[in-house]
file model05.txt (compact mmCIF, C-alpha atoms)
# COMPACT_ATOMS: atom_id res chain seq x y z
CA ARG X 752 -75.84 -187.97 -74.43
CA ARG X 753 -74.22 -185.44 -72.09
CA GLU X 754 -73.14 -183.30 -75.07
CA GLY X 755 -76.57 -183.48 -76.73
CA ILE X 756 -75.29 -185.28 -79.82
CA LYS X 757 -77.78 -187.50 -81.62
CA LEU X 758 -77.15 -190.34 -84.03
CA TYR X 759 -78.91 -189.83 -87.37
CA THR X 760 -79.23 -192.97 -89.41
CA HIS X 761 -79.76 -192.95 -93.16
CA ASN X 762 -80.79 -196.12 -94.91
CA HIS X 763 -81.88 -197.54 -98.21
CA ASP X 764 -84.50 -200.13 -99.06
CA SER X 765 -83.00 -203.19 -97.33
CA ALA X 766 -83.66 -201.69 -93.88
CA TYR X 767 -87.39 -202.07 -94.55
CA GLY X 768 -87.13 -205.78 -95.35
CA PHE X 769 -88.53 -208.31 -92.92
CA LEU X 770 -86.51 -209.79 -90.07
CA LEU X 771 -85.85 -213.49 -90.49
CA ASP X 772 -86.51 -214.48 -86.89
CA GLY X 773 -88.00 -217.98 -86.90
CA GLY X 774 -88.96 -221.05 -88.83
CA PRO X 775 -86.65 -223.80 -90.01
CA LEU X 776 -82.97 -222.96 -90.09
CA ASP X 777 -80.91 -222.90 -93.27
CA ASP X 778 -77.67 -224.87 -93.78
CA GLN X 779 -75.76 -222.21 -91.82
CA GLY X 780 -78.15 -222.25 -88.86
CA ARG X 781 -79.95 -218.99 -89.71
CA PRO X 782 -83.74 -218.52 -89.47
CA THR X 783 -85.63 -218.58 -92.78
CA ARG X 784 -89.05 -217.20 -91.83
CA SER X 785 -90.42 -213.98 -90.41
CA SER X 786 -92.76 -212.67 -87.74
CA GLY X 787 -93.51 -209.77 -90.11
CA ILE X 788 -91.43 -207.25 -88.17
CA ARG X 789 -89.36 -205.01 -90.41
CA LYS X 790 -85.67 -204.51 -89.63
CA LEU X 791 -86.02 -200.74 -89.17
CA GLU X 792 -89.09 -201.08 -86.98
CA TYR X 793 -87.10 -203.40 -84.72
CA PHE X 794 -84.25 -200.86 -84.70
CA LEU X 795 -86.68 -198.12 -83.66
CA LYS X 796 -87.99 -200.32 -80.85
CA ILE X 797 -84.58 -201.09 -79.34
CA THR X 798 -82.95 -197.65 -79.64
CA ASP X 799 -83.38 -194.64 -77.38
CA PRO X 800 -85.62 -192.04 -79.07
CA ARG X 801 -83.73 -189.27 -77.23
CA LEU X 802 -80.44 -190.31 -78.85
CA VAL X 803 -81.25 -191.98 -82.16
CA TRP X 804 -83.07 -190.07 -84.86
CA LEU X 805 -83.53 -190.93 -88.49
CA GLU X 806 -83.21 -189.37 -91.88
CA MET X 807 -85.63 -191.14 -94.23
CA ASP X 808 -84.64 -191.40 -97.85
CA ILE X 809 -88.12 -191.24 -99.32
CA PHE X 810 -87.13 -192.68 -102.71
CA TRP X 811 -85.59 -195.78 -101.13
CA ALA X 812 -88.59 -196.14 -98.80
CA HIS X 813 -90.79 -196.33 -101.92
CA VAL X 814 -88.44 -198.91 -103.44
CA ALA X 815 -88.91 -200.94 -100.24
CA GLN X 816 -92.67 -200.61 -100.61
CA TYR X 817 -92.33 -202.27 -104.01
CA LYS X 818 -89.78 -204.93 -103.01
CA PHE X 819 -90.85 -205.97 -99.50
CA HIS X 820 -94.61 -206.53 -99.56
CA THR X 821 -94.85 -210.22 -98.61
CA TYR X 822 -93.04 -212.54 -96.24
CA THR X 823 -93.10 -216.20 -95.24
CA ALA X 824 -94.51 -216.47 -91.72
CA HIS X 825 -93.25 -218.88 -89.07
CA ASP X 826 -96.00 -221.35 -90.01
CA GLY X 827 -94.91 -221.34 -93.67
CA SER X 828 -97.83 -219.27 -94.97
CA THR X 829 -97.28 -216.25 -97.19
CA ARG X 830 -98.44 -212.99 -95.63
CA LYS X 831 -98.89 -209.60 -97.23
CA SER X 832 -97.75 -206.42 -95.50
CA VAL X 833 -97.22 -203.41 -97.76
CA PHE X 834 -94.80 -200.87 -96.29
CA ASP X 835 -96.21 -197.38 -95.68
CA PRO X 836 -93.36 -194.82 -95.52
CA ALA X 837 -95.53 -191.92 -94.31
CA GLY X 838 -97.22 -194.18 -91.76
CA LEU X 839 -93.86 -195.14 -90.26
CA VAL X 840 -92.88 -191.47 -89.93
CA ALA X 841 -96.25 -190.56 -88.42
CA ARG X 842 -95.84 -193.29 -85.76
CA HIS X 843 -92.33 -192.06 -84.88
CA ASN X 844 -92.75 -188.43 -85.86
CA LYS X 845 -90.18 -186.69 -83.67
CA ARG X 846 -87.51 -189.21 -84.69
CA TYR X 847 -87.67 -188.06 -88.33
CA PRO X 848 -86.61 -184.39 -88.54
CA LEU X 849 -84.71 -184.89 -91.84
CA PHE X 850 -85.58 -186.37 -95.23
CA HIS X 851 -83.69 -187.09 -98.41
CA ALA X 852 -86.18 -186.07 -101.06
CA LYS X 853 -85.41 -187.92 -104.26
CA ASP X 854 -88.06 -188.53 -106.88
CA GLY X 855 -88.78 -191.51 -109.04
CA VAL X 856 -90.90 -192.73 -111.92
CA VAL X 857 -92.55 -196.12 -111.73
CA SER X 858 -90.56 -198.86 -113.45
CA THR X 859 -91.72 -202.42 -113.98
CA THR X 860 -88.43 -203.54 -115.51
CA ASN X 861 -85.57 -202.66 -113.14
CA GLY X 862 -86.51 -204.80 -110.11
CA MET X 863 -86.75 -201.77 -107.81
CA GLY X 864 -90.13 -200.44 -108.87
CA TRP X 865 -88.74 -196.94 -109.47
CA ASP X 866 -86.18 -195.10 -111.61
CA MET X 867 -84.62 -192.05 -109.96
CA VAL X 868 -85.30 -188.64 -111.54
CA PRO X 869 -84.87 -185.00 -110.44
CA PHE X 870 -87.17 -183.95 -107.61
CA GLY X 871 -90.64 -182.93 -108.78
CA THR X 872 -90.43 -184.70 -112.14
CA GLY X 873 -91.51 -188.14 -110.94
CA ASP X 874 -94.47 -190.07 -109.59
CA ILE X 875 -93.82 -190.00 -105.83
CA ASP X 876 -96.65 -188.01 -104.28
CA TYR X 877 -94.73 -185.69 -101.97
CA THR X 878 -97.73 -183.48 -101.27
CA THR X 879 -99.63 -186.40 -99.77
CA PHE X 880 -96.53 -187.77 -98.03
CA PHE X 881 -95.82 -184.51 -96.19
CA SER X 882 -99.49 -183.91 -95.39
CA ARG X 883 -99.66 -187.36 -93.75
CA VAL X 884 -96.55 -186.98 -91.60
CA GLY X 885 -97.66 -183.64 -90.11
CA GLN X 886 -95.36 -181.42 -88.08
CA ARG X 887 -95.04 -178.98 -90.99
CA ASN X 888 -92.33 -176.82 -89.44
CA TYR X 889 -90.40 -179.73 -87.95
CA HIS X 890 -89.61 -181.94 -90.95
CA ASN X 891 -86.80 -180.75 -93.20
CA PRO X 892 -86.48 -182.28 -96.65
CA MET X 893 -83.30 -181.85 -98.66
CA VAL X 894 -82.99 -182.63 -102.34
CA GLU X 895 -80.67 -185.42 -103.35
CA ASP X 896 -80.20 -187.03 -106.76
CA ASP X 897 -77.77 -189.92 -107.11
CA ASN X 898 -77.91 -189.73 -110.92
CA SER X 899 -76.73 -186.15 -111.37
CA PRO X 900 -72.99 -186.62 -111.92
CA SER X 901 -72.26 -187.33 -115.56
CA ALA X 902 -68.93 -187.86 -117.32
CA THR X 903 -70.52 -186.99 -120.66
CA ASP X 904 -72.61 -183.99 -119.55
CA PRO X 905 -70.67 -181.81 -117.06
CA ALA X 906 -73.60 -179.39 -116.61
CA GLN X 907 -76.11 -182.13 -115.77
CA SER X 908 -75.55 -181.87 -112.02
CA LEU X 909 -76.20 -178.13 -111.93
CA ARG X 910 -79.15 -178.35 -114.32
CA GLU X 911 -80.83 -181.09 -112.27
CA ALA X 912 -80.07 -179.26 -109.02
CA LYS X 913 -81.92 -176.22 -110.41
CA ILE X 914 -84.91 -178.34 -111.49
CA SER X 915 -85.05 -180.03 -108.08
CA TYR X 916 -84.62 -176.76 -106.17
CA ASP X 917 -87.42 -175.05 -108.12
CA ASN X 918 -89.75 -178.00 -107.56
CA MET X 919 -88.92 -178.23 -103.85
CA ALA X 920 -89.54 -174.48 -103.46
CA ALA X 921 -92.90 -174.83 -105.22
CA LEU X 922 -93.84 -177.75 -102.95
CA ARG X 923 -92.91 -175.75 -99.84
CA LYS X 924 -95.08 -172.83 -101.03
CA ARG X 925 -98.05 -175.17 -101.52
CA ARG X 926 -97.52 -176.60 -98.02
CA CYS X 927 -97.48 -173.18 -96.31
call {"tool": "encode", "arguments": {"input": "model05.txt", "output": "structure tokens"}}
result
Amino acid sequence: RREGIKLYTHNHDSAYGFLLDGGPLDDQGRPTRSSGIRKLEYFLKITDPRLVWLEMDIFWAHVAQYKFHTYTAHDGSTRKSVFDPAGLVARHNKRYPLFHAKDGVVSTTNGMGWDMVPFGTGDIDYTTFFSRVGQRNYHNPMVEDDNSPSATDPAQSLREAKISYDNMAALRKRRC
């Protein structure tokens, strides 16, 4: 803290799953039911906002929205709670100065809800996302694409970087 260094966490979809914090215990003595609190929301609650900031990976937050939409409550009932990535950022705005901006197309076959594609070529509505989180000159998205390296197409990484850069630049112009 004295040196002004902050911890920036980066996470994927599992951080948005529900805490198992009650109900009957499993064979190993672990809780099996949830109060509906998400793991990352608990993390935000117990960490110092002056020292711990976050870097949301927007693609993986959308995967979490698809995967973690219901939980079994302490009383055994099934509850619905759809994750809202932009809503989480808006509630903790200053803690999210950085974003990994990956894009995805909806997939009903891969178990994740999304297939990763170059930025600006998918279905994730980045215009709405950034308009909802506010702080236009505070949030800094950076393009990332986990699928770019290719053993069979050496130029794929550069080609997809160009596509993503052009689409990010166009998005920034629309936001100005």
call {"tool": "atom_distance", "arguments": {"input": "model05.txt", "atom1": "atom CA of X:Thr829", "atom2": "atom CA of X:Asp876"}}
result
29.1 Å
call {"tool": "residues_around", "arguments": {"input": "model05.txt", "residues": "X:Phe769", "least_positions_apart": "4", "cutoff": "6 Å", "atoms": "only C-alpha atoms", "output": "list of chain:residue names"}}
result
X:Gly787, X:Ile788, X:Arg789, X:Lys790
call {"tool": "write_last_selection", "arguments": {"input": "model05.txt", "atoms": "C-alpha atoms", "output": "PDB file, in the frame of the given file"}}
result
ATOM      1  CA  GLY X 787     -93.510-209.770 -90.110  1.00  0.00           C
ATOM      2  CA  ILE X 788     -91.430-207.250 -88.170  1.00  0.00           C
ATOM      3  CA  ARG X 789     -89.360-205.010 -90.410  1.00  0.00           C
ATOM      4  CA  LYS X 790     -85.670-204.510 -89.630  1.00  0.00           C
TER       5      LYS X 790
END
call {"tool": "residues_around", "arguments": {"input": "model05.txt", "residues": "stretch 812-820 of chain X", "least_positions_apart": "4", "cutoff": "7 Å", "atoms": "only C-alpha atoms", "output": "list in words"}}
result
His763, Asp764, Ser765, Tyr767, Gly768, Asp808, Lys831, Ser832, Val833, Phe834, Asp835, Pro836, Met863, Gly864 and Trp865 of chain X
call {"tool": "atom_distance", "arguments": {"input": "model05.txt", "atom1": "atom CA of X:Phe850", "atom2": "atom CA of X:Ser786"}}
result
28.3 Å
call {"tool": "closest_residue", "arguments": {"input": "model05.txt", "among": "X:Ser858, X:Asp772, X:Val840, X:Asp896", "to": "X:Ala824", "atoms": "all atoms listed in the file"}}
result
X:Asp772
call {"tool": "closest_residue", "arguments": {"input": "model05.txt", "among": "X:Arg781, X:His825, X:Arg925, X:Lys845", "to": "X:Gln886", "atoms": "only C-alpha atoms"}}
result
X:Lys845
call {"tool": "atom_distance", "arguments": {"input": "model05.txt", "atom1": "atom CA of X:Thr860", "atom2": "atom CA of X:Glu911"}}
result
23.9 Å
call {"tool": "closest_residue", "arguments": {"input": "model05.txt", "among": "X:Asp897, X:Asp778, X:Asp854, X:Asp866", "to": "X:Ser915", "atoms": "all atoms listed in the file"}}
result
X:Asp854
call {"tool": "axis_aligned_box", "arguments": {"input": "model05.txt", "around": "stretch 841-855 of chain X", "padding_each_side": "3 Å", "output": "AutoDock Vina command-line options"}}
result
--center_x -90.0 --center_y -188.8 --center_z -96.4 --size_x 18.6 --size_y 14.9 --size_z 31.4
call {"tool": "closest_residue", "arguments": {"input": "model05.txt", "among": "X:Asn898, X:Thr760, X:Asn918, X:Thr879", "to": "X:Thr798", "atoms": "all atoms listed in the file"}}
result
X:Thr760
call {"tool": "residues_around", "arguments": {"input": "model05.txt", "residues": "X:Phe794", "least_positions_apart": "5", "cutoff": "10 Å", "atoms": "all atoms listed in the file", "output": "JSON, numbers by chain"}}
result
{"X": [766, 789, 799, 803]}
call {"tool": "closest_residue", "arguments": {"input": "model05.txt", "among": "X:Leu771, X:His890, X:His851, X:Phe870", "to": "X:Ala912", "atoms": "all atoms listed in the file"}}
result
X:Phe870
call {"tool": "closest_residue", "arguments": {"input": "model05.txt", "among": "X:Pro869, X:Gly885, X:Pro905, X:Gly855", "to": "X:Phe810", "atoms": "only C-alpha atoms"}}
result
X:Gly855
